[in-house]
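Colleague: input-v2.tsv is reproduced in full below (TSV, C-alpha atoms).
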```tsv
chain	number	residue	atom	x	y	z
S	1	MET	CA	-10.85	86.20	20.66
S	2	GLN	CA	-9.72	89.60	21.93
S	3	LYS	CA	-11.45	90.42	25.22
S	4	TRP	CA	-11.33	93.28	27.70
S	5	THR	CA	-12.94	93.31	31.15
S	6	ILE	CA	-14.41	96.27	33.01
S	7	GLY	CA	-15.91	95.23	36.34
S	8	ASN	CA	-18.63	92.67	35.62
S	9	THR	CA	-18.67	93.48	31.90
S	10	THR	CA	-16.75	91.59	29.23
S	11	VAL	CA	-16.10	93.24	25.87
S	12	THR	CA	-15.10	91.12	22.87
S	13	ARG	CA	-14.03	92.37	19.47
S	14	ILE	CA	-15.82	90.59	16.60
S	15	GLU	CA	-13.85	91.25	13.43
S	16	GLU	CA	-15.30	91.56	9.97
S	17	GLN	CA	-12.21	92.86	8.18
S	18	LEU	CA	-8.89	94.59	8.84
S	19	GLY	CA	-6.48	96.15	6.38
S	20	ALA	CA	-5.56	99.12	4.24
S	21	GLY	CA	-8.27	101.74	3.96
S	22	SER	CA	-9.87	102.84	0.73
S	23	PHE	CA	-8.34	106.34	0.60
S	24	PRO	CA	-4.86	107.88	1.02
S	25	PRO	CA	-4.49	110.12	4.08
S	26	GLU	CA	-4.95	113.38	2.13
S	27	GLN	CA	-8.34	112.20	0.90
S	28	TYR	CA	-9.42	110.49	4.09
S	29	PHE	CA	-8.78	113.43	6.43
S	30	THR	CA	-9.73	117.07	5.98
S	31	GLY	CA	-6.95	119.31	7.25
S	32	PHE	CA	-4.38	116.53	7.01
S	33	ASP	CA	-0.78	117.54	7.83
S	34	ARG	CA	1.80	114.98	6.73
S	35	GLU	CA	4.27	116.27	9.30
S	36	VAL	CA	1.99	114.97	12.07
S	37	LEU	CA	2.04	111.58	10.38
S	38	HIS	CA	5.85	111.61	10.21
S	39	GLN	CA	6.15	112.61	13.88
S	40	ASN	CA	4.16	109.55	14.92
S	41	LEU	CA	5.57	106.86	12.63
S	42	ASP	CA	7.29	105.09	15.52
S	43	TRP	CA	3.96	103.84	16.88
S	44	LEU	CA	1.79	104.03	13.76
S	45	VAL	CA	3.78	101.28	12.01
S	46	PRO	CA	2.85	98.46	11.57
S	47	HIS	CA	-0.68	98.37	13.02
S	48	HIS	CA	-2.06	101.75	11.92
S	49	TYR	CA	-0.13	102.77	8.80
S	50	ILE	CA	1.65	101.02	5.90
S	51	PRO	CA	4.48	103.29	4.66
S	52	SER	CA	5.13	101.35	1.44
S	53	GLN	CA	1.52	101.92	0.35
S	54	ASP	CA	1.00	105.28	2.11
S	55	ALA	CA	-2.12	103.59	3.50
S	56	LEU	CA	-3.93	103.99	6.77
S	57	ILE	CA	-4.95	100.70	8.36
S	58	THR	CA	-8.60	100.55	9.33
S	59	SER	CA	-10.60	97.85	11.03
S	60	VAL	CA	-14.29	97.05	10.68
S	61	HIS	CA	-15.53	95.27	13.78
S	62	SER	CA	-18.38	95.01	16.26
S	63	TRP	CA	-18.16	95.17	20.02
S	64	LEU	CA	-19.85	92.31	21.88
S	65	ILE	CA	-20.72	93.70	25.32
S	66	GLN	CA	-21.76	91.10	27.90
S	67	THR	CA	-23.09	92.31	31.24
S	68	PRO	CA	-24.96	90.37	33.93
S	69	HIS	CA	-28.18	91.63	32.31
S	70	HIS	CA	-27.52	92.14	28.59
S	71	THR	CA	-25.75	90.68	25.59
S	72	ILE	CA	-25.26	93.66	23.28
S	73	LEU	CA	-23.79	93.89	19.80
S	74	LEU	CA	-22.63	97.45	19.18
S	75	ASP	CA	-22.42	98.35	15.48
S	76	SER	CA	-22.95	95.50	13.04
S	77	CYS	CA	-20.30	96.07	10.35
S	78	SER	CA	-21.09	95.68	6.64
S	79	GLY	CA	-22.86	92.34	6.34
S	80	ASN	CA	-22.72	89.61	3.71
S	81	HIS	CA	-24.19	89.56	0.21
S	82	LYS	CA	-25.09	93.27	0.22
S	83	ASP	CA	-25.14	95.52	-2.81
S	84	ARG	CA	-22.51	98.16	-2.05
S	85	HIS	CA	-21.40	98.73	-5.62
S	86	TRP	CA	-20.33	102.28	-4.80
S	87	TRP	CA	-17.68	100.97	-2.36
S	88	PRO	CA	-15.73	97.84	-3.40
S	89	ARG	CA	-14.42	97.14	0.10
S	90	PHE	CA	-17.96	96.43	1.30
S	91	HIS	CA	-19.59	95.04	-1.84
S	92	GLN	CA	-20.99	91.49	-1.85
S	93	LEU	CA	-18.91	90.31	1.09
S	94	ASN	CA	-18.84	86.73	2.30
S	95	THR	CA	-17.04	86.89	5.65
S	96	PRO	CA	-17.20	84.45	8.62
S	97	PHE	CA	-18.57	87.13	10.94
S	98	LEU	CA	-21.23	84.92	12.53
S	99	GLU	CA	-18.69	82.12	12.93
S	100	ARG	CA	-16.46	84.55	14.84
S	101	LEU	CA	-19.43	85.51	17.00
S	102	ALA	CA	-19.93	81.80	17.71
S	103	GLU	CA	-16.25	81.50	18.69
S	104	ALA	CA	-17.04	84.06	21.37
S	105	GLY	CA	-19.73	81.70	22.64
S	106	VAL	CA	-22.71	83.65	21.29
S	107	GLN	CA	-25.34	82.67	18.74
S	108	PRO	CA	-27.55	85.24	16.98
S	109	SER	CA	-30.49	84.22	19.17
S	110	ASP	CA	-28.45	85.11	22.30
S	111	ILE	CA	-28.14	88.80	21.38
S	112	SER	CA	-30.60	90.82	23.46
S	113	MET	CA	-29.77	94.22	21.98
S	114	VAL	CA	-28.15	95.65	18.85
S	115	LEU	CA	-27.08	99.26	19.17
S	116	CYS	CA	-26.10	101.15	16.02
S	117	THR	CA	-24.17	104.34	16.72
S	118	HIS	CA	-25.30	105.64	13.31
S	119	LEU	CA	-26.71	104.30	10.07
S	120	HIS	CA	-23.78	104.30	7.65
S	121	ALA	CA	-23.52	101.07	5.66
S	122	ASP	CA	-20.49	99.73	7.53
S	123	HIS	CA	-22.30	99.95	10.88
S	124	ILE	CA	-25.64	98.33	10.01
S	125	GLY	CA	-24.90	95.45	7.63
S	126	TRP	CA	-25.33	92.48	9.95
S	127	ASN	CA	-28.61	93.90	11.23
S	128	THR	CA	-30.11	91.66	8.57
S	129	CYS	CA	-29.27	88.53	6.62
S	130	LEU	CA	-30.65	87.02	3.44
S	131	GLN	CA	-33.19	84.21	3.89
S	132	ASN	CA	-35.18	82.84	0.96
S	133	GLY	CA	-34.50	85.98	-1.04
S	134	ARG	CA	-35.63	88.36	1.74
S	135	TRP	CA	-33.69	90.50	4.20
S	136	VAL	CA	-34.71	89.53	7.74
S	137	PRO	CA	-33.30	90.51	11.18
S	138	THR	CA	-30.18	88.47	11.95
S	139	PHE	CA	-30.80	88.61	15.69
S	140	PRO	CA	-34.36	87.39	16.24
S	141	ASN	CA	-34.61	88.13	19.97
S	142	ALA	CA	-32.91	91.52	19.98
S	143	LYS	CA	-34.13	95.04	20.33
S	144	TYR	CA	-32.36	97.24	17.80
S	145	LEU	CA	-31.62	100.70	19.19
S	146	PHE	CA	-31.38	103.54	16.68
S	147	SER	CA	-31.34	107.27	17.28
S	148	ARG	CA	-34.67	108.71	16.17
S	149	ILE	CA	-32.91	111.72	14.64
S	150	GLU	CA	-30.58	109.39	12.74
S	151	ASN	CA	-33.39	107.16	11.52
S	152	ASP	CA	-35.53	110.07	10.38
S	153	TYR	CA	-32.58	111.51	8.47
S	154	TRP	CA	-31.77	108.30	6.56
S	155	ASP	CA	-35.35	107.12	5.99
S	156	PRO	CA	-36.12	108.05	2.33
S	157	SER	CA	-39.82	108.25	3.14
S	158	LYS	CA	-39.10	111.00	5.69
S	159	ASN	CA	-36.17	112.68	3.94
S	160	PRO	CA	-37.01	112.91	0.22
S	161	SER	CA	-33.59	114.42	-0.52
S	162	LEU	CA	-32.10	110.92	-0.13
S	163	VAL	CA	-34.39	109.24	-2.64
S	164	ASP	CA	-31.89	109.99	-5.41
S	165	ASP	CA	-28.91	108.79	-3.33
S	166	PRO	CA	-28.74	105.06	-4.10
S	167	ALA	CA	-25.93	104.42	-1.64
S	168	ARG	CA	-27.92	105.61	1.36
S	169	ARG	CA	-31.29	104.38	0.12
S	170	ILE	CA	-30.10	100.83	-0.65
S	171	ALA	CA	-28.36	100.42	2.73
S	172	TYR	CA	-31.39	101.70	4.64
S	173	VAL	CA	-33.80	99.46	2.75
S	174	ASP	CA	-31.79	96.25	3.19
S	175	SER	CA	-30.37	96.78	6.69
S	176	VAL	CA	-32.72	99.05	8.69
S	177	LEU	CA	-36.21	98.89	7.21
S	178	PRO	CA	-36.60	95.10	7.69
S	179	VAL	CA	-35.86	95.56	11.41
S	180	ILE	CA	-38.50	98.27	11.69
S	181	ASP	CA	-41.01	96.20	9.73
S	182	ALA	CA	-40.37	93.25	12.08
S	183	GLY	CA	-41.22	95.42	15.10
S	184	GLN	CA	-37.74	95.02	16.61
S	185	ALA	CA	-36.58	98.64	16.38
S	186	GLN	CA	-36.50	100.98	19.36
S	187	LEU	CA	-35.97	104.64	18.45
S	188	VAL	CA	-34.30	106.62	21.22
S	189	ASP	CA	-34.28	110.36	21.84
S	190	GLY	CA	-31.53	112.30	23.60
S	191	ILE	CA	-29.96	110.62	26.61
S	192	HIS	CA	-31.23	107.06	27.07
S	193	GLN	CA	-30.53	104.94	30.12
S	194	ILE	CA	-30.29	101.22	29.33
S	195	ASP	CA	-29.56	100.28	32.94
S	196	ASP	CA	-27.57	101.61	35.91
S	197	ASN	CA	-24.27	101.03	34.09
S	198	LEU	CA	-25.09	101.76	30.43
S	199	LEU	CA	-25.98	105.18	29.07
S	200	VAL	CA	-26.63	106.23	25.46
S	201	GLU	CA	-25.74	109.85	24.69
S	202	PRO	CA	-26.02	112.02	21.57
S	203	ALA	CA	-22.69	112.49	19.77
S	204	PRO	CA	-23.61	114.35	16.57
S	205	GLY	CA	-21.35	115.68	13.86
S	206	HIS	CA	-20.23	112.70	11.86
S	207	THR	CA	-23.93	112.19	11.15
S	208	PRO	CA	-26.91	114.17	12.46
S	209	GLY	CA	-28.08	111.60	14.99
S	210	HIS	CA	-24.85	109.81	15.88
S	211	ILE	CA	-24.84	108.37	19.41
S	212	LEU	CA	-22.30	106.72	21.70
S	213	LEU	CA	-22.52	104.32	24.63
S	214	LYS	CA	-20.94	104.91	28.03
S	215	LEU	CA	-20.22	102.07	30.42
S	216	ASN	CA	-19.94	103.17	34.06
S	217	ASP	CA	-18.91	100.46	36.50
S	218	ALA	CA	-17.57	100.84	40.01
S	219	LYS	CA	-14.37	99.19	38.74
S	220	GLY	CA	-13.93	101.19	35.54
S	221	GLN	CA	-15.46	103.00	32.61
S	222	GLY	CA	-15.62	102.67	28.85
S	223	VAL	CA	-16.83	104.66	25.86
S	224	PHE	CA	-18.03	102.95	22.68
S	225	CYS	CA	-17.79	105.80	20.24
S	226	GLY	CA	-18.63	104.58	16.74
S	227	ASP	CA	-17.27	107.13	14.28
S	228	VAL	CA	-16.75	110.06	16.62
S	229	ILE	CA	-13.13	109.15	15.90
S	230	HIS	CA	-11.94	106.99	13.01
S	231	HIS	CA	-8.17	106.62	13.35
S	232	PRO	CA	-5.74	107.00	16.29
S	233	LEU	CA	-3.95	109.87	14.51
S	234	GLN	CA	-7.00	111.97	15.37
S	235	ILE	CA	-6.13	111.66	19.06
S	236	TYR	CA	-3.05	113.75	18.24
S	237	ALA	CA	-4.90	115.92	15.71
S	238	PRO	CA	-8.49	116.06	17.02
S	239	ASP	CA	-9.46	118.85	14.62
S	240	TRP	CA	-9.03	116.53	11.64
S	241	ASN	CA	-12.32	115.21	10.37
S	242	THR	CA	-12.81	112.57	7.72
S	243	GLN	CA	-14.41	113.33	4.39
S	244	PHE	CA	-17.52	111.55	5.72
S	245	CYS	CA	-18.24	113.91	8.63
S	246	GLN	CA	-21.39	115.80	7.68
S	247	ASN	CA	-21.14	118.69	10.15
S	248	PRO	CA	-17.42	119.42	10.50
S	249	GLU	CA	-17.55	121.89	13.39
S	250	GLN	CA	-19.96	119.75	15.36
S	251	ALA	CA	-17.82	116.65	14.71
S	252	ARG	CA	-14.72	118.40	16.07
S	253	ALA	CA	-16.54	119.60	19.19
S	254	THR	CA	-17.98	116.14	19.88
S	255	ARG	CA	-14.58	114.50	19.40
S	256	ARG	CA	-12.82	116.89	21.77
S	257	ARG	CA	-15.55	116.53	24.37
S	258	MET	CA	-15.23	112.75	24.22
S	259	LEU	CA	-11.42	112.80	24.46
S	260	CYS	CA	-11.61	115.16	27.45
S	261	TYR	CA	-14.09	112.85	29.16
S	262	CYS	CA	-11.83	109.83	28.64
S	263	ALA	CA	-8.75	111.72	29.86
S	264	GLU	CA	-10.56	113.01	32.97
S	265	THR	CA	-12.24	109.73	33.97
S	266	GLY	CA	-9.74	107.13	32.74
S	267	ALA	CA	-12.45	105.56	30.57
S	268	LYS	CA	-11.19	103.10	27.98
S	269	LEU	CA	-12.05	104.13	24.43
S	270	PHE	CA	-13.55	101.43	22.19
S	271	PRO	CA	-13.59	102.81	18.61
S	272	THR	CA	-14.98	100.88	15.65
S	273	HIS	CA	-12.14	101.38	13.15
S	274	PHE	CA	-8.84	101.44	15.08
S	275	GLY	CA	-6.19	98.90	14.18
S	276	ALA	CA	-4.58	96.66	16.80
S	277	PRO	CA	-4.73	96.66	19.73
S	278	HIS	CA	-7.99	98.51	18.99
S	279	VAL	CA	-8.61	99.94	22.49
S	280	THR	CA	-6.89	102.87	24.16
S	281	GLU	CA	-6.90	105.13	27.15
S	282	ILE	CA	-6.47	108.87	26.57
S	283	GLU	CA	-3.77	110.89	28.28
S	284	ASP	CA	-4.03	114.66	28.62
S	285	LYS	CA	-0.66	116.22	27.76
S	286	SER	CA	-1.24	119.84	28.85
S	287	GLY	CA	-4.04	120.52	26.40
S	288	THR	CA	-3.10	117.91	23.82
S	289	PHE	CA	-3.92	114.22	23.86
S	290	ALA	CA	-1.97	110.99	23.56
S	291	ALA	CA	-2.96	107.34	23.21
S	292	LYS	CA	-2.13	104.63	25.72
S	293	PHE	CA	-3.12	101.41	23.98
S	294	ILE	CA	-4.65	98.63	26.06
S	295	PRO	CA	-3.96	95.09	24.77
S	296	SER	CA	-6.69	92.52	25.23
```
Hey, can you dump this file as structure tokens for me?
Modeller:
Amino acid sequence: MQKWTIGNTTVTRIEEQLGAGSFPPEQYFTGFDREVLHQNLDWLVPHHYIPSQDALITSVHSWLIQTPHHTILLDSCSGNHKDRHWWPRFHQLNTPFLERLAEAGVQPSDISMVLCTHLHADHIGWNTCLQNGRWVPTFPNAKYLFSRIENDYWDPSKNPSLVDDPARRIAYVDSVLPVIDAGQAQLVDGIHQIDDNLLVEPAPGHTPGHILLKLNDAKGQGVFCGDVIHHPLQIYAPDWNTQFCQNPEQARATRRRMLCYCAETGAKLFPTHFGAPHVTEIEDKSGTFAAKFIPS
């Protein structure tokens, strides 16, 4: 288990999968400049880029955040046995995700809160599991926190434009709607205080209602940022979006604001898709940024 400690909070990475991404860099990033890639090969290889395949390495993992008051799972990966026929990497998986959670000493019933930064399929999958042919909440005692803006956008009953988008509709129906029907969802608006040390903030751009979680402890800080940033190359090229960012200008502004916050406060950045060692601090290099990776 890979663990990091900030004050009285322990953060554990729960892996679902790690490896080459589904798209070459030119397709993955908008505005990609191969020269930036070449300038950073010394640290990108071997954990973030595979030269022989021209492939970016991406991780899919959850963050298990254990405080004196909460046991939180932040982002729930892709899930098992789910129809994701539009994306082979996530289709009909059968991974030992829950076994890895158990290795961290936590059973599904121990989770008190699931926080989804947004509702893309690779961040909501383990919200539910298949029991007797039905999708039911995986974490029976948890509140599931979703942004209200995000939920209203992806809910086909509230956004008819998505009815004809099977990718979004299927993921919402199997991984979000059962949680709402079970009465376990909590929709949050704007800034939401979980407790004195945990604060949910809007971070839109990648999706309309994307949120992030800030940890503020007397002994340190952390930012759990979901898909505000996807790959460590974006620390060096923060204006690069991915093809999945719905509002490009807003995504760039949110990313820069987050990087500035980390550089100014020393907050550790906990992204969802970075390769090893997965966590970094951000250094301000006279208006540009650099990564200082933090091993577990």
Colleague: Could you name the residues that touch region 183-196 of chain S at 10 Å or less, counting only C-alpha atoms, but leaving out those on the same chain fewer than 5 positions away, as an NGL selection string?
Modeller: :S and (69-70 or 113-115 or 137 or 139-152 or 176-178 or 201-203 or 209 or 211-217)
Colleague: Tell me, in Å to one decimal, how far CA of Val179 (chain S) is from CA of Trp86 (chain S).
Modeller: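 Result for CA of Val179 (chain S) versus CA of Trp86 (chain S): 23.4 Å, one decimal.
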Colleague: Quick one, how far is CA of Glu15 (chain S) from CA of Thr95 (chain S)?
Modeller: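 Interatomic distance, CA of Glu15 (chain S) to CA of Thr95 (chain S): 9.5 Å.
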Colleague: Applying 12 Å and all atoms listed in the file, which residues near Asp54 (chain S) remain after dropping the ones on its own chain fewer than 2 positions away? List them as a list in words.
Modeller: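 Within the cut-off, the hits are Ala20, Gly21, Ser22, Phe23, Pro24, Pro25, Glu26, Gln27, Tyr28, Arg34, Leu37, His38, Leu41, Leu44, Val45, Pro46, His48, Tyr49, Ile50, Pro51, Ser52, Leu56 and Ile57 of chain S.
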Colleague: Please list as a list in words every residue within 7 Å of Ala263 (chain S), counting all atoms listed in the file and excluding residues in the same chain fewer than 4 positions away.
Modeller: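 My reading of the contact set: Leu259, Ile282, Glu283 and Asp284 of chain S.
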Colleague: How many Å separate CA of Leu199 (chain S) from CA of Cys260 (chain S)?
Modeller: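 According to the coordinates, CA of Leu199 (chain S) and CA of Cys260 (chain S) are separated by 17.6 Å.
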Colleague: Nearest to Ile111 (chain S): which of S:Lys268, S:Leu73, S:Asp239, S:Pro88 is it, counting all atoms listed in the file?
Modeller: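 Distance minimum relative to Ile111 (chain S) lands on S:Leu73.
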Colleague: Measuring between all atoms listed in the file, which one of S:Thr9, S:Asn241, S:Thr138, S:Gln53 shows the shortest distance to Ser109 (chain S)?
Modeller: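 Going through S:Thr9, S:Asn241, S:Thr138, S:Gln53 one by one, the smallest distance to Ser109 (chain S) is for S:Thr138.
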Colleague: Kindly indicate which residue among S:Lys219, S:Lys292, S:Arg168, S:Arg256 lies nearest to His85 (chain S), using all atoms listed in the file for the distances.
Modeller: S:Arg168
Colleague: List every protein, DNA or RNA residue that has an atom no more than 6 Å from (-9.3, 94.8, 26.9) in the file's coordinate frame, counting all atoms listed in the file, and report them as JSON, numbers by chain.
Modeller: {"S": [3, 4, 5, 295, 296]}
Colleague: Around the point (-16.1, 111.8, 15.6) (coordinates from the file), which residues reach within 6 Å if we count all atoms listed in the file? Answer as a PyMOL selection string.
Modeller: chain S and resi 206+227-229+251+255
Colleague: Output C-alpha atoms for every residue in the selection just made, as a compact mmCIF listing (two decimals), keeping the file's coordinate frame.
Modeller:
```
# COMPACT_ATOMS: atom_id res chain seq x y z
CA HIS S 206 -20.23 112.70 11.86
CA ASP S 227 -17.27 107.13 14.28
CA VAL S 228 -16.75 110.06 16.62
CA ILE S 229 -13.13 109.15 15.90
CA ALA S 251 -17.82 116.65 14.71
CA ARG S 255 -14.58 114.50 19.40
```
Colleague: Could you name the residues that touch Val11 (chain S) at 12 Å or less, counting only C-alpha atoms, but leaving out those on the same chain fewer than 3 positions away, as a ChimeraX atom specification?
Modeller: /S:1-8,14,62-67,70-74,104,215,221-224,268-270,278-279,296
Colleague: Can you pull out every residue within 10 Å of Pro166 (chain S), counting all atoms listed in the file, but drop anything in the same chain fewer than 4 positions away, and send it as a PyMOL selection string?
Modeller: chain S and resi 84-86+162+170-172
Colleague: Pick the closest to Tyr261 (chain S) from S:Cys225, S:Ala55, S:Leu101, S:Ile294: which is it, counting all atoms listed in the file?
Modeller: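 Of S:Cys225, S:Ala55, S:Leu101, S:Ile294, the one nearest Tyr261 (chain S), counting all atoms listed in the file, is S:Cys225.
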Colleague: For each of S:Cys116, S:Pro204, S:Lys285, S:Ala218, take the minimum atom-to-atom distance to Arg257 (chain S), counting only C-alpha atoms, then give the residue where this is smallest.
Modeller: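 When distances to Arg257 (chain S) are compared using only C-alpha atoms, the smallest one comes from S:Pro204.
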Colleague: Which of these, S:Pro248, S:Gly287, S:Pro232, S:Gly226, has the shortest distance to Ile124 (chain S) once you count all atoms listed in the file?
Modeller: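 Nearest to Ile124 (chain S): S:Gly226.
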